[in-house]
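Q: I have a structure I would like to understand better, so I am pasting it below and will then ask my questions one at a time.
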2 protein chains.
Amino acid sequence: MSEAPASPAPMEGHGSYNRRSHVQAAGIAAAIPLLEESAGLVPLTTAPEPIVIADYGSSEGHNSLAPVSAAISVLRKRTGSNHAISVIHTDLASSDFSVLFQTPDSYLRGDNAVFASAVGRSFYGEILPPGSVTLGWSSWAVQWLSRIPAPIPDQVQIAYSSDPQARAAYADQAAQDWRVFLESRSREMKKGGRLVVLTMARDDVEGFGYRSVVAAAYAALCDMVRDGVIGKAELERMVIPTFGRSRADLLAPFAASGYFAGLAVGHCEIFLAEDHIWSQYEKDRDATAFGARWAAFSRASVAPTLALGLDDKNHTARTALFIDELESRMTAKLAAAPERSAIPLAKLVLEKSAV
Amino acid sequence: MSEAPASPAPMEGHGSYNRRSHVQAAGIAAAIPLLEESAGLVPLTTAPEPIVIADYGSSEGHNSLAPVSAAISVLRKRTGSNHAISVIHTDLASSDFSVLFQTPDSYLRGDNAVFASAVGRSFYGEILPPGSVTLGWSSWAVQWLSRIPAPIPDQVQIAYSSDPQARAAYADQAAQDWRVFLESRSREMKKGGRLVVLTMARDDVEGFGYRSVVAAAYAALCDMVRDGVIGKAELERMVIPTFGRSRADLLAPFAASGYFAGLAVGHCEIFLAEDHIWSQYEKDRDATAFGARWAAFSRASVAPTLALGLDDKNHTARTALFIDELESRMTAKLAAAPERSAIPLAKLVLEKSAV
């Protein structure tokens with residue numbers, strides 16, 4: 001429905017996303033071994049052709065440092081210290097690439113043959129030269145749909161909506177986006193190249209997860225309508241266009257032949273990441289801190305996207321007020337009844353045919 | 001002396017540099033034929049290896065569109081429409097790459113085999129893989145020194161200073177930076193690759209040029225000290241670390257053998273670009289508009305760099321006030337005595353040895 005590219009909307013302020021990415025870090029640690037294994041197995045280019053590592057959906061780069069460093073370490077054991085490694089971070093054009101380039105503890109230090117660059121285009125399409133990528137990585141990114149396919153009348157997150165039309169529209173978009181993502185990456189990969197994907201997912205038991213956090217966000221927004229902070233029409237436009245794909249959803253393109261667009265699935269696993277915010281609460285029993293941590297996570301990851309539903313997206317003062325208000329109301333609601341969140345994730349390895 | 005990388009300092013606001021780059025456009029048009037000629041002569045990679053065009057010092061990208069499009073047009077006549085062309089824009093990490101990636105009339109439209117990326121690192125060093133660049137372009141960039149080598153006691157622009165120590169320090173830094181720039185580019189270029197450079201320069205007759213504009217800037221700053229808008233110590237720290245190299249300066253590294261770092265000079269020409277702001281004034285005789293145009297150019301190109309001399313660089317309100325004040329005072333001074341500016345530029349072609 002919406003013409004606008006869906007999200008992540010531009011983050012507020014420099015580095016705000018970086019500072020609040022603790023939730024993501026847990027899942028990333030679980031997927032790094034797959035990237036290391038892949039780095040050990042992929043065919044390497046012959047120098048002087050650089051070995052290209054592509055990081056799809058890098059955001060401000062902080063979450064990319066550990067996996068990229070890990071991959072470089074493995075590659076360096078296989079190739080000389082002079083063999084150039086080119087690391088390409090991609091995200092939407094609106095992303096803050098300056099923060100990425102200025103990140104101080106970068107993998108660039110101490111290795112003169114590693115080169116970093118950025119591409120500001122949506123990964124739902126080919127954005128790197130064909131046959132150029134040896135190793136791909138994408139974390140916490142492909143759950144964002146390429147567009148908002150429909151409004152959600154009773155929610156901001158489709159997983160908790162009861163509207164059958166909206167649910168169907170999101171499922172269709174998610175299926176189509178996943179195929180486009182795979183096709184585009186396959187074109188960009190070298191023969192024998194590998195792509196490791198970590199993404200929000202749907203668990204058979206826990207579903208989409210984040211139950212109390214999503215509930216707090218939607219209830220806070222409804223309260224803000226009641227209190228006249230935002231209008232009813234504004235809430236109706238607010239959507240978080242992320243989608244938790246099930247194992248079956250992720251494997252669907254491969255169902256017929258075991259292959260899709262020249263890719264095979266080397267690994268596909270749904271798992272539940274630890275809720276570190278809950279673990280912290282179990283230790284300190286500080287309900288307000290618990291609420292504040294989840295609210296800060298939501299502020300950084302989805303509040304700017306929700307703010308796109310405001311009447312005037314460019315009214316920066318009102319946007320800032322909206323985001324502050326949403327965060328404080330979410331904090332209060334979450335603090336009132338702390339609950340462990342399920343964090344269902346999928347980790348996959350996709351292998352490009354070697355011939 | 002200063003540890004900070006010199007400049008261009010981060011531009012204010014999104015796209016402000018793009019909107020005020022008319023002065024640069026004239027010189028660029030004069031150098032594009034050299035780039036087209038080079039694109040017709042360089043040895044091309046064999047597909048699928050992409051042909052890499054590097055744009056060194058892209059700023060927000062607007063000034064890069066015409067030369068990059070021109071180069072692609074020539075290359076496309078020599079190679080199939082499927083042969084990937086990779087365009088890499090480089091600038092300091094603080095540059096606004098989002099504006100670059102969002103530039104609407106980009107060379108990406110209408111050619112599915114062109115791919116754009118950005119590198120946020122200083123070009124005084126190797127920032128791309130060795131032996132990767134077929135065609136290089138750098139316009140209005142290498143006149144910015146890598147650091148501020150010394151304060152300038154009697155000016156903000158070294159060309160108009162009478163201080164022998166400061167003059168020597170800037171000349172030394174400019175000589176060293178030019179060598180580092182050439183060495184770094186040479187390492188990044190493929191055998192037979194070519195690099196076209198357009199830069200501010202020193203003309204034997206006109207010198208550095210921009211006489212009345214620099215005079216207006218320095219006089220406005222002195223008035224601002226007198227009127228208590230800025231402090232004396234703040235003015236003493238303000239410097240525009242650009243350097244107009246003479247033909248002899250540019251050719252110095254090549255003087256001994258005709259070669260430097262594997263590069264030969266294919267073309268080196270100092271020329272005077274047309275002062276379009278003066279031409280407009282000759283037509284409309286609107287002195288205020290004349291002053292406002294040069295002041296707006298200065299605001300976009302050097303005011304943020306001058307503002308780094310303020311006591312608290314992060315005091316955004318005072319910085320904004322300073323920049324507004326400088327612009328309005330420069331407008332008044334330039335309007336009082338309109339004068340044609342000399343705009344001395346150098347255009348060069350550097351060729352990497354083919355063997």
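The chains in the structure tokens are called A, B, ... from first to last as shown; in each chain the residues are counted from 1, and the ligands are counted from 1 in the order shown.
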Quick one: which chain B residues come within 7 Å of chain A, and what is the nearest atom pair for each with the distance in Å to one decimal, counting only C-alpha atoms, rows ordered by chain and ascending number, as a tab-separated table?

A:
```
residue	atom	partner	partner_atom	distance
B:Pro50	CA	A:Pro129	CA	6.9
B:Ala84	CA	A:Pro129	CA	5.9
B:Ala93	CA	A:Ser98	CA	5.2
B:Ser94	CA	A:Ser98	CA	5.2
B:Ser95	CA	A:Ser98	CA	6.6
B:Asp96	CA	A:Ser98	CA	6.9
B:Phe97	CA	A:Phe97	CA	6.4
B:Ser98	CA	A:Ala93	CA	5.2
B:Phe101	CA	A:Ala93	CA	5.3
B:Gln102	CA	A:Ala93	CA	6.0
B:Phe115	CA	A:Leu128	CA	6.0
B:Ala116	CA	A:Val119	CA	6.6
B:Ser117	CA	A:Val119	CA	4.5
B:Ala118	CA	A:Ala118	CA	5.0
B:Val119	CA	A:Ser117	CA	4.5
B:Gly120	CA	A:Phe101	CA	5.5
B:Ile127	CA	A:Phe115	CA	6.2
B:Leu128	CA	A:Phe115	CA	6.0
B:Pro129	CA	A:Ala84	CA	5.9
```

Q: With all heavy atoms retained, export the selected residues as a short mmCIF file (atom, residue, chain, number, x, y, z; two decimals), in the first residue's frame.

A:
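result-v4.cif written:
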```
data_model
loop_
_atom_site.label_atom_id
_atom_site.label_comp_id
_atom_site.auth_asym_id
_atom_site.auth_seq_id
_atom_site.Cartn_x
_atom_site.Cartn_y
_atom_site.Cartn_z
N PRO B 50 34.75 -6.18 -12.19
CA PRO B 50 34.21 -4.85 -12.45
C PRO B 50 35.30 -3.86 -12.85
O PRO B 50 36.46 -4.00 -12.47
CB PRO B 50 33.60 -4.43 -11.11
CG PRO B 50 33.47 -5.66 -10.31
CD PRO B 50 34.55 -6.59 -10.78
N ALA B 84 30.17 -5.07 -15.35
CA ALA B 84 29.93 -4.26 -14.16
C ALA B 84 30.92 -3.11 -14.04
O ALA B 84 32.11 -3.29 -14.27
CB ALA B 84 30.00 -5.14 -12.91
N ALA B 93 35.29 10.65 6.86
CA ALA B 93 34.21 9.89 7.52
C ALA B 93 33.05 10.79 7.91
O ALA B 93 31.90 10.35 7.94
CB ALA B 93 34.77 9.19 8.77
N SER B 94 33.34 12.06 8.18
CA SER B 94 32.28 12.96 8.64
C SER B 94 31.39 13.45 7.50
O SER B 94 30.39 14.13 7.74
CB SER B 94 32.92 14.17 9.33
OG SER B 94 33.88 14.75 8.48
N SER B 95 31.73 13.11 6.28
CA SER B 95 30.94 13.58 5.14
C SER B 95 29.53 12.97 5.17
O SER B 95 29.30 11.92 5.75
CB SER B 95 31.65 13.18 3.85
OG SER B 95 31.03 13.76 2.73
N ASP B 96 28.59 13.65 4.53
CA ASP B 96 27.20 13.18 4.57
C ASP B 96 26.93 12.25 3.39
O ASP B 96 26.47 12.65 2.34
CB ASP B 96 26.25 14.37 4.53
CG ASP B 96 24.83 13.93 4.87
OD1 ASP B 96 24.51 12.74 4.71
OD2 ASP B 96 24.04 14.78 5.30
N PHE B 97 27.22 10.96 3.60
CA PHE B 97 27.07 9.99 2.52
C PHE B 97 25.60 9.71 2.21
O PHE B 97 25.27 9.26 1.12
CB PHE B 97 27.81 8.70 2.87
CG PHE B 97 29.30 8.88 2.96
CD1 PHE B 97 29.94 8.95 4.17
CD2 PHE B 97 30.04 9.02 1.79
CE1 PHE B 97 31.31 9.14 4.25
CE2 PHE B 97 31.41 9.21 1.85
CZ PHE B 97 32.06 9.27 3.09
N SER B 98 24.71 9.99 3.17
CA SER B 98 23.28 9.79 2.89
C SER B 98 22.82 10.67 1.74
O SER B 98 22.06 10.23 0.88
CB SER B 98 22.44 10.11 4.14
OG SER B 98 22.57 9.08 5.07
N PHE B 101 24.01 9.11 -1.46
CA PHE B 101 23.26 7.93 -1.91
C PHE B 101 21.83 8.29 -2.33
O PHE B 101 21.19 7.54 -3.05
CB PHE B 101 23.22 6.88 -0.81
CG PHE B 101 24.52 6.14 -0.63
CD1 PHE B 101 25.17 6.11 0.59
CD2 PHE B 101 25.10 5.47 -1.71
CE1 PHE B 101 26.37 5.43 0.76
CE2 PHE B 101 26.30 4.79 -1.55
CZ PHE B 101 26.94 4.77 -0.32
N GLN B 102 21.33 9.42 -1.84
CA GLN B 102 19.96 9.78 -2.17
C GLN B 102 19.86 10.75 -3.34
O GLN B 102 18.76 11.10 -3.76
CB GLN B 102 19.26 10.39 -0.94
CG GLN B 102 19.02 9.36 0.15
CD GLN B 102 18.45 9.95 1.44
OE1 GLN B 102 17.36 10.50 1.44
NE2 GLN B 102 19.18 9.83 2.53
N PHE B 115 27.36 0.09 -10.13
CA PHE B 115 27.18 -0.07 -8.69
C PHE B 115 27.95 1.02 -7.97
O PHE B 115 29.10 1.30 -8.31
CB PHE B 115 27.69 -1.46 -8.27
CG PHE B 115 26.96 -2.57 -8.96
CD1 PHE B 115 27.39 -3.04 -10.20
CD2 PHE B 115 25.81 -3.10 -8.41
CE1 PHE B 115 26.70 -4.04 -10.86
CE2 PHE B 115 25.10 -4.11 -9.06
CZ PHE B 115 25.55 -4.58 -10.30
N ALA B 116 27.31 1.64 -6.99
CA ALA B 116 27.95 2.75 -6.27
C ALA B 116 28.26 2.35 -4.84
O ALA B 116 27.52 1.60 -4.22
CB ALA B 116 27.02 3.96 -6.26
N SER B 117 29.37 2.86 -4.34
CA SER B 117 29.68 2.68 -2.92
C SER B 117 30.48 3.88 -2.44
O SER B 117 30.82 4.76 -3.22
CB SER B 117 30.45 1.38 -2.70
OG SER B 117 31.67 1.40 -3.40
N ALA B 118 30.72 3.90 -1.14
CA ALA B 118 31.41 5.04 -0.54
C ALA B 118 32.45 4.55 0.45
O ALA B 118 32.27 3.51 1.08
CB ALA B 118 30.41 5.95 0.17
N VAL B 119 33.51 5.33 0.58
CA VAL B 119 34.55 5.04 1.57
C VAL B 119 34.77 6.30 2.40
O VAL B 119 35.07 7.35 1.84
CB VAL B 119 35.86 4.62 0.88
CG1 VAL B 119 37.01 4.55 1.87
CG2 VAL B 119 35.68 3.28 0.18
N GLY B 120 34.61 6.18 3.70
CA GLY B 120 34.73 7.34 4.57
C GLY B 120 36.09 7.41 5.25
O GLY B 120 36.18 7.31 6.47
N ILE B 127 43.26 3.65 0.68
CA ILE B 127 41.92 3.38 1.18
C ILE B 127 41.14 2.42 0.28
O ILE B 127 40.02 2.06 0.59
CB ILE B 127 41.13 4.69 1.38
CG1 ILE B 127 41.11 5.53 0.10
CG2 ILE B 127 41.75 5.49 2.52
CD1 ILE B 127 40.27 6.79 0.22
N LEU B 128 41.75 2.01 -0.83
CA LEU B 128 41.14 1.02 -1.72
C LEU B 128 42.15 -0.10 -1.96
O LEU B 128 43.35 0.13 -1.84
CB LEU B 128 40.74 1.67 -3.05
CG LEU B 128 39.72 2.82 -2.97
CD1 LEU B 128 39.49 3.42 -4.35
CD2 LEU B 128 38.41 2.32 -2.37
N PRO B 129 41.66 -1.28 -2.30
CA PRO B 129 42.60 -2.40 -2.50
C PRO B 129 43.63 -2.08 -3.57
O PRO B 129 43.33 -1.40 -4.56
CB PRO B 129 41.68 -3.54 -2.95
CG PRO B 129 40.34 -3.23 -2.35
CD PRO B 129 40.25 -1.72 -2.40
#
```

Q: So that I can check the surroundings of Glu282 (chain A), please list as a PyMOL selection string every protein, DNA and RNA residue that reaches within 12 Å of it, counting only C-alpha atoms and ignoring chain neighbours fewer than 6 positions away.

A: chain A and resi 275-276+289-290+338-340

Q: Filtering to all heavy atoms, could you give me those residues as a PDB file, in the first residue's frame?

A:
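Below is the file that was written, result25.pdb:
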```pdb
ATOM      1  N   ASP A 275      17.091 -13.528  26.979  1.00  0.00           N
ATOM      2  CA  ASP A 275      16.610 -12.176  27.266  1.00  0.00           C
ATOM      3  C   ASP A 275      17.487 -11.590  28.376  1.00  0.00           C
ATOM      4  O   ASP A 275      17.239 -11.803  29.559  1.00  0.00           O
ATOM      5  CB  ASP A 275      15.136 -12.246  27.683  1.00  0.00           C
ATOM      6  CG  ASP A 275      14.581 -10.880  28.072  1.00  0.00           C
ATOM      7  OD1 ASP A 275      15.369  -9.905  28.131  1.00  0.00           O
ATOM      8  OD2 ASP A 275      13.370 -10.789  28.327  1.00  0.00           O
ATOM      9  N   HIS A 276      18.522 -10.837  27.959  1.00  0.00           N
ATOM     10  CA  HIS A 276      19.474 -10.310  28.937  1.00  0.00           C
ATOM     11  C   HIS A 276      18.844  -9.264  29.849  1.00  0.00           C
ATOM     12  O   HIS A 276      19.295  -9.062  30.977  1.00  0.00           O
ATOM     13  CB  HIS A 276      20.685  -9.709  28.218  1.00  0.00           C
ATOM     14  CG  HIS A 276      21.601 -10.743  27.652  1.00  0.00           C
ATOM     15  ND1 HIS A 276      22.386 -11.542  28.437  1.00  0.00           N
ATOM     16  CD2 HIS A 276      21.829 -11.142  26.375  1.00  0.00           C
ATOM     17  CE1 HIS A 276      23.085 -12.382  27.665  1.00  0.00           C
ATOM     18  NE2 HIS A 276      22.750 -12.154  26.410  1.00  0.00           N
ATOM     19  N   ALA A 289      14.086  -0.108  36.034  1.00  0.00           N
ATOM     20  CA  ALA A 289      15.229  -0.285  35.127  1.00  0.00           C
ATOM     21  C   ALA A 289      14.879  -1.292  34.034  1.00  0.00           C
ATOM     22  O   ALA A 289      15.243  -1.101  32.861  1.00  0.00           O
ATOM     23  CB  ALA A 289      16.462  -0.751  35.908  1.00  0.00           C
ATOM     24  N   PHE A 290      14.150  -2.341  34.420  1.00  0.00           N
ATOM     25  CA  PHE A 290      13.710  -3.346  33.440  1.00  0.00           C
ATOM     26  C   PHE A 290      12.865  -2.673  32.349  1.00  0.00           C
ATOM     27  O   PHE A 290      13.116  -2.827  31.150  1.00  0.00           O
ATOM     28  CB  PHE A 290      12.895  -4.435  34.158  1.00  0.00           C
ATOM     29  CG  PHE A 290      12.200  -5.385  33.219  1.00  0.00           C
ATOM     30  CD1 PHE A 290      12.846  -6.516  32.743  1.00  0.00           C
ATOM     31  CD2 PHE A 290      10.887  -5.137  32.805  1.00  0.00           C
ATOM     32  CE1 PHE A 290      12.198  -7.384  31.867  1.00  0.00           C
ATOM     33  CE2 PHE A 290      10.237  -5.994  31.922  1.00  0.00           C
ATOM     34  CZ  PHE A 290      10.901  -7.127  31.448  1.00  0.00           C
ATOM     35  N   PRO A 338       6.872  -6.927  35.032  1.00  0.00           N
ATOM     36  CA  PRO A 338       8.024  -7.479  34.315  1.00  0.00           C
ATOM     37  C   PRO A 338       7.776  -8.934  33.904  1.00  0.00           C
ATOM     38  O   PRO A 338       7.201  -9.707  34.672  1.00  0.00           O
ATOM     39  CB  PRO A 338       9.158  -7.387  35.333  1.00  0.00           C
ATOM     40  CG  PRO A 338       8.760  -6.281  36.245  1.00  0.00           C
ATOM     41  CD  PRO A 338       7.263  -6.382  36.349  1.00  0.00           C
ATOM     42  N   GLU A 339       8.231  -9.251  32.721  1.00  0.00           N
ATOM     43  CA  GLU A 339       7.966 -10.579  32.165  1.00  0.00           C
ATOM     44  C   GLU A 339       9.131 -10.927  31.241  1.00  0.00           C
ATOM     45  O   GLU A 339       9.649 -10.070  30.530  1.00  0.00           O
ATOM     46  CB  GLU A 339       6.655 -10.493  31.364  1.00  0.00           C
ATOM     47  CG  GLU A 339       6.224 -11.780  30.692  1.00  0.00           C
ATOM     48  CD  GLU A 339       4.959 -11.569  29.833  1.00  0.00           C
ATOM     49  OE1 GLU A 339       3.946 -11.051  30.369  1.00  0.00           O
ATOM     50  OE2 GLU A 339       4.997 -11.915  28.633  1.00  0.00           O
ATOM     51  N   ARG A 340       9.538 -12.189  31.249  1.00  0.00           N
ATOM     52  CA  ARG A 340      10.593 -12.626  30.336  1.00  0.00           C
ATOM     53  C   ARG A 340      10.055 -12.600  28.900  1.00  0.00           C
ATOM     54  O   ARG A 340       8.930 -13.033  28.657  1.00  0.00           O
ATOM     55  CB  ARG A 340      11.036 -14.037  30.695  1.00  0.00           C
ATOM     56  CG  ARG A 340      12.195 -14.536  29.827  1.00  0.00           C
ATOM     57  CD  ARG A 340      12.316 -16.054  29.853  1.00  0.00           C
ATOM     58  NE  ARG A 340      12.699 -16.569  31.157  1.00  0.00           N
ATOM     59  CZ  ARG A 340      13.962 -16.766  31.552  1.00  0.00           C
ATOM     60  NH1 ARG A 340      14.956 -16.458  30.737  1.00  0.00           N
ATOM     61  NH2 ARG A 340      14.220 -17.268  32.746  1.00  0.00           N
TER      62      ARG A 340
END
```

Q: Excluding Ile270 (chain B) and its own-chain neighbours fewer than 2 positions away, which residues fall within 12 Å of it when counting only C-alpha atoms? Please give them as a PyMOL selection string.

A: chain B and resi 27+30-31+197-208+244-251+267-268+272-273+343-348

Q: Going by DSSP on the backbone, which bits of region 196-279 of chain B are strand (DSSP E)? Write them as a PyMOL selection string, please.

A: chain B and resi 196-200+259-260+263-272

Q: Got a sec: who's within 12 Å of Ala175 (chain A), counting only C-alpha atoms, leaving out chain neighbours fewer than 3 positions off, as a ChimeraX atom specification?

A: /A:142-143,145-146,149,168-172,178-182,243-246,248-253

Q: Could you write out that same residue set with N, CA, C and O atoms as a JSON list (two decimals), in the first residue's frame?

A:
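Just written: out.json:
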```
[["chain", "number", "residue", "atom", "x", "y", "z"],
["A", 142, "VAL", "N", 16.76, -8.71, 7.64],
["A", 142, "VAL", "CA", 15.82, -9.14, 6.61],
["A", 142, "VAL", "C", 14.40, -9.35, 7.17],
["A", 142, "VAL", "O", 13.47, -9.63, 6.42],
["A", 143, "GLN", "N", 14.22, -9.15, 8.47],
["A", 143, "GLN", "CA", 12.84, -9.15, 9.00],
["A", 143, "GLN", "C", 12.10, -7.86, 8.62],
["A", 143, "GLN", "O", 10.88, -7.80, 8.71],
["A", 145, "LEU", "N", 10.41, -5.60, 6.15],
["A", 145, "LEU", "CA", 9.84, -5.76, 4.81],
["A", 145, "LEU", "C", 10.26, -4.59, 3.91],
["A", 145, "LEU", "O", 10.62, -3.52, 4.39],
["A", 146, "SER", "N", 10.17, -4.81, 2.61],
["A", 146, "SER", "CA", 10.59, -3.78, 1.66],
["A", 146, "SER", "C", 9.61, -2.63, 1.60],
["A", 146, "SER", "O", 9.94, -1.54, 1.13],
["A", 149, "PRO", "N", 2.80, -3.36, 3.38],
["A", 149, "PRO", "CA", 1.84, -3.89, 2.41],
["A", 149, "PRO", "C", 0.40, -3.52, 2.71],
["A", 149, "PRO", "O", -0.44, -3.53, 1.80],
["A", 168, "ALA", "N", -2.69, -11.72, 5.88],
["A", 168, "ALA", "CA", -2.38, -12.30, 4.56],
["A", 168, "ALA", "C", -1.45, -11.39, 3.77],
["A", 168, "ALA", "O", -0.50, -11.84, 3.12],
["A", 169, "ALA", "N", -1.73, -10.09, 3.83],
["A", 169, "ALA", "CA", -0.91, -9.14, 3.07],
["A", 169, "ALA", "C", 0.55, -9.16, 3.55],
["A", 169, "ALA", "O", 1.49, -9.12, 2.75],
["A", 170, "TYR", "N", 0.73, -9.23, 4.86],
["A", 170, "TYR", "CA", 2.10, -9.26, 5.40],
["A", 170, "TYR", "C", 2.81, -10.57, 5.08],
["A", 170, "TYR", "O", 4.00, -10.58, 4.75],
["A", 171, "ALA", "N", 2.06, -11.67, 5.17],
["A", 171, "ALA", "CA", 2.68, -12.96, 4.86],
["A", 171, "ALA", "C", 3.12, -13.00, 3.40],
["A", 171, "ALA", "O", 4.21, -13.49, 3.07],
["A", 172, "ASP", "N", 2.27, -12.47, 2.52],
["A", 172, "ASP", "CA", 2.61, -12.44, 1.09],
["A", 172, "ASP", "C", 3.86, -11.60, 0.85],
["A", 172, "ASP", "O", 4.77, -11.98, 0.11],
["A", 178, "TRP", "N", 11.59, -12.29, 0.80],
["A", 178, "TRP", "CA", 12.61, -13.31, 1.08],
["A", 178, "TRP", "C", 13.16, -13.88, -0.23],
["A", 178, "TRP", "O", 14.37, -14.05, -0.39],
["A", 179, "ARG", "N", 12.28, -14.10, -1.19],
["A", 179, "ARG", "CA", 12.73, -14.60, -2.49],
["A", 179, "ARG", "C", 13.60, -13.56, -3.21],
["A", 179, "ARG", "O", 14.65, -13.89, -3.76],
["A", 180, "VAL", "N", 13.17, -12.31, -3.17],
["A", 180, "VAL", "CA", 13.97, -11.26, -3.83],
["A", 180, "VAL", "C", 15.33, -11.12, -3.14],
["A", 180, "VAL", "O", 16.36, -10.97, -3.81],
["A", 181, "PHE", "N", 15.33, -11.20, -1.83],
["A", 181, "PHE", "CA", 16.60, -11.13, -1.08],
["A", 181, "PHE", "C", 17.54, -12.25, -1.51],
["A", 181, "PHE", "O", 18.71, -12.02, -1.82],
["A", 182, "LEU", "N", 17.02, -13.47, -1.56],
["A", 182, "LEU", "CA", 17.85, -14.62, -1.93],
["A", 182, "LEU", "C", 18.35, -14.52, -3.38],
["A", 182, "LEU", "O", 19.52, -14.79, -3.67],
["A", 243, "PHE", "N", 8.63, -8.81, 10.17],
["A", 243, "PHE", "CA", 7.89, -10.07, 10.06],
["A", 243, "PHE", "C", 8.77, -11.21, 10.53],
["A", 243, "PHE", "O", 9.91, -11.36, 10.08],
["A", 244, "GLY", "N", 8.25, -11.99, 11.47],
["A", 244, "GLY", "CA", 8.98, -13.15, 11.96],
["A", 244, "GLY", "C", 8.63, -14.37, 11.10],
["A", 244, "GLY", "O", 7.53, -14.89, 11.18],
["A", 245, "ARG", "N", 9.60, -14.77, 10.27],
["A", 245, "ARG", "CA", 9.33, -15.93, 9.41],
["A", 245, "ARG", "C", 9.56, -17.23, 10.19],
["A", 245, "ARG", "O", 10.51, -17.33, 10.97],
["A", 246, "SER", "N", 8.69, -18.21, 9.93],
["A", 246, "SER", "CA", 8.87, -19.52, 10.54],
["A", 246, "SER", "C", 9.93, -20.30, 9.75],
["A", 246, "SER", "O", 10.33, -19.89, 8.66],
["A", 248, "ALA", "N", 9.37, -22.96, 8.22],
["A", 248, "ALA", "CA", 8.72, -23.34, 6.96],
["A", 248, "ALA", "C", 8.75, -22.17, 5.96],
["A", 248, "ALA", "O", 8.98, -22.36, 4.77],
["A", 249, "ASP", "N", 8.52, -20.95, 6.47],
["A", 249, "ASP", "CA", 8.58, -19.76, 5.60],
["A", 249, "ASP", "C", 9.97, -19.62, 4.97],
["A", 249, "ASP", "O", 10.11, -19.33, 3.78],
["A", 250, "LEU", "N", 11.00, -19.81, 5.80],
["A", 250, "LEU", "CA", 12.37, -19.62, 5.33],
["A", 250, "LEU", "C", 12.76, -20.68, 4.31],
["A", 250, "LEU", "O", 13.51, -20.40, 3.36],
["A", 251, "LEU", "N", 12.23, -21.88, 4.49],
["A", 251, "LEU", "CA", 12.61, -22.98, 3.60],
["A", 251, "LEU", "C", 11.71, -23.09, 2.37],
["A", 251, "LEU", "O", 12.02, -23.84, 1.44],
["A", 252, "ALA", "N", 10.59, -22.35, 2.37],
["A", 252, "ALA", "CA", 9.60, -22.50, 1.28],
["A", 252, "ALA", "C", 10.21, -22.38, -0.13],
["A", 252, "ALA", "O", 9.90, -23.22, -0.99],
["A", 253, "PRO", "N", 11.08, -21.38, -0.38],
["A", 253, "PRO", "CA", 11.60, -21.28, -1.76],
["A", 253, "PRO", "C", 12.40, -22.51, -2.18],
["A", 253, "PRO", "O", 12.54, -22.78, -3.37]]
```

Q: In Å, how far is it from CA of Lys190 (chain B) to CA of Val74 (chain B)?

A: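 Distance reported for this atom pair: 18.3 Å.
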
Q: When you look at region 225-232 of chain A with a cut-off of 10 Å (counting only C-alpha atoms), what residues show up, excluding the ones that are within fewer than 3 positions of it in the same chain? I need them as an MDAnalysis selection string.

A: chainID A and resid 219:222 235:237 309:311 318 321:322 325

Q: Pick out each residue of region 85-211 of chain A that DSSP on the backbone tags as helix (DSSP H, G or I); I need them as number ranges by chain.

A: A: 97-102, 158-160, 164-188, 211

Q: For the residues in the current selection, export C-alpha atoms as an mmCIF file, in the first residue's frame.

A:
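The new file part-v1.cif reads:
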```cif
data_model
loop_
_atom_site.group_PDB
_atom_site.id
_atom_site.type_symbol
_atom_site.label_atom_id
_atom_site.label_comp_id
_atom_site.auth_asym_id
_atom_site.auth_seq_id
_atom_site.Cartn_x
_atom_site.Cartn_y
_atom_site.Cartn_z
ATOM 1 C CA PHE A 97 27.349 5.956 7.443
ATOM 2 C CA SER A 98 29.479 8.582 9.166
ATOM 3 C CA VAL A 99 29.020 6.763 12.466
ATOM 4 C CA LEU A 100 30.009 3.523 10.765
ATOM 5 C CA PHE A 101 33.185 5.015 9.306
ATOM 6 C CA GLN A 102 34.114 6.654 12.596
ATOM 7 C CA ILE A 158 1.231 -7.928 12.437
ATOM 8 C CA ALA A 159 2.114 -10.943 14.612
ATOM 9 C CA TYR A 160 -0.411 -9.768 17.239
ATOM 10 C CA PRO A 164 -7.104 -11.790 8.409
ATOM 11 C CA GLN A 165 -6.634 -9.452 5.441
ATOM 12 C CA ALA A 166 -3.710 -7.655 7.022
ATOM 13 C CA ARG A 167 -2.143 -10.955 8.105
ATOM 14 C CA ALA A 168 -2.382 -12.302 4.563
ATOM 15 C CA ALA A 169 -0.907 -9.140 3.066
ATOM 16 C CA TYR A 170 2.101 -9.257 5.402
ATOM 17 C CA ALA A 171 2.677 -12.965 4.861
ATOM 18 C CA ASP A 172 2.613 -12.444 1.093
ATOM 19 C CA GLN A 173 5.035 -9.515 1.277
ATOM 20 C CA ALA A 174 7.370 -11.452 3.560
ATOM 21 C CA ALA A 175 7.400 -14.420 1.174
ATOM 22 C CA GLN A 176 8.078 -12.203 -1.829
ATOM 23 C CA ASP A 177 10.788 -10.171 -0.053
ATOM 24 C CA TRP A 178 12.612 -13.311 1.080
ATOM 25 C CA ARG A 179 12.730 -14.599 -2.492
ATOM 26 C CA VAL A 180 13.966 -11.258 -3.826
ATOM 27 C CA PHE A 181 16.598 -11.126 -1.082
ATOM 28 C CA LEU A 182 17.853 -14.622 -1.929
ATOM 29 C CA GLU A 183 17.844 -14.015 -5.683
ATOM 30 C CA SER A 184 19.734 -10.739 -5.311
ATOM 31 C CA ARG A 185 22.339 -12.204 -2.976
ATOM 32 C CA SER A 186 22.841 -15.234 -5.168
ATOM 33 C CA ARG A 187 23.605 -13.016 -8.165
ATOM 34 C CA GLU A 188 26.163 -11.114 -6.106
ATOM 35 C CA ARG A 211 4.735 -10.300 23.783
#
```
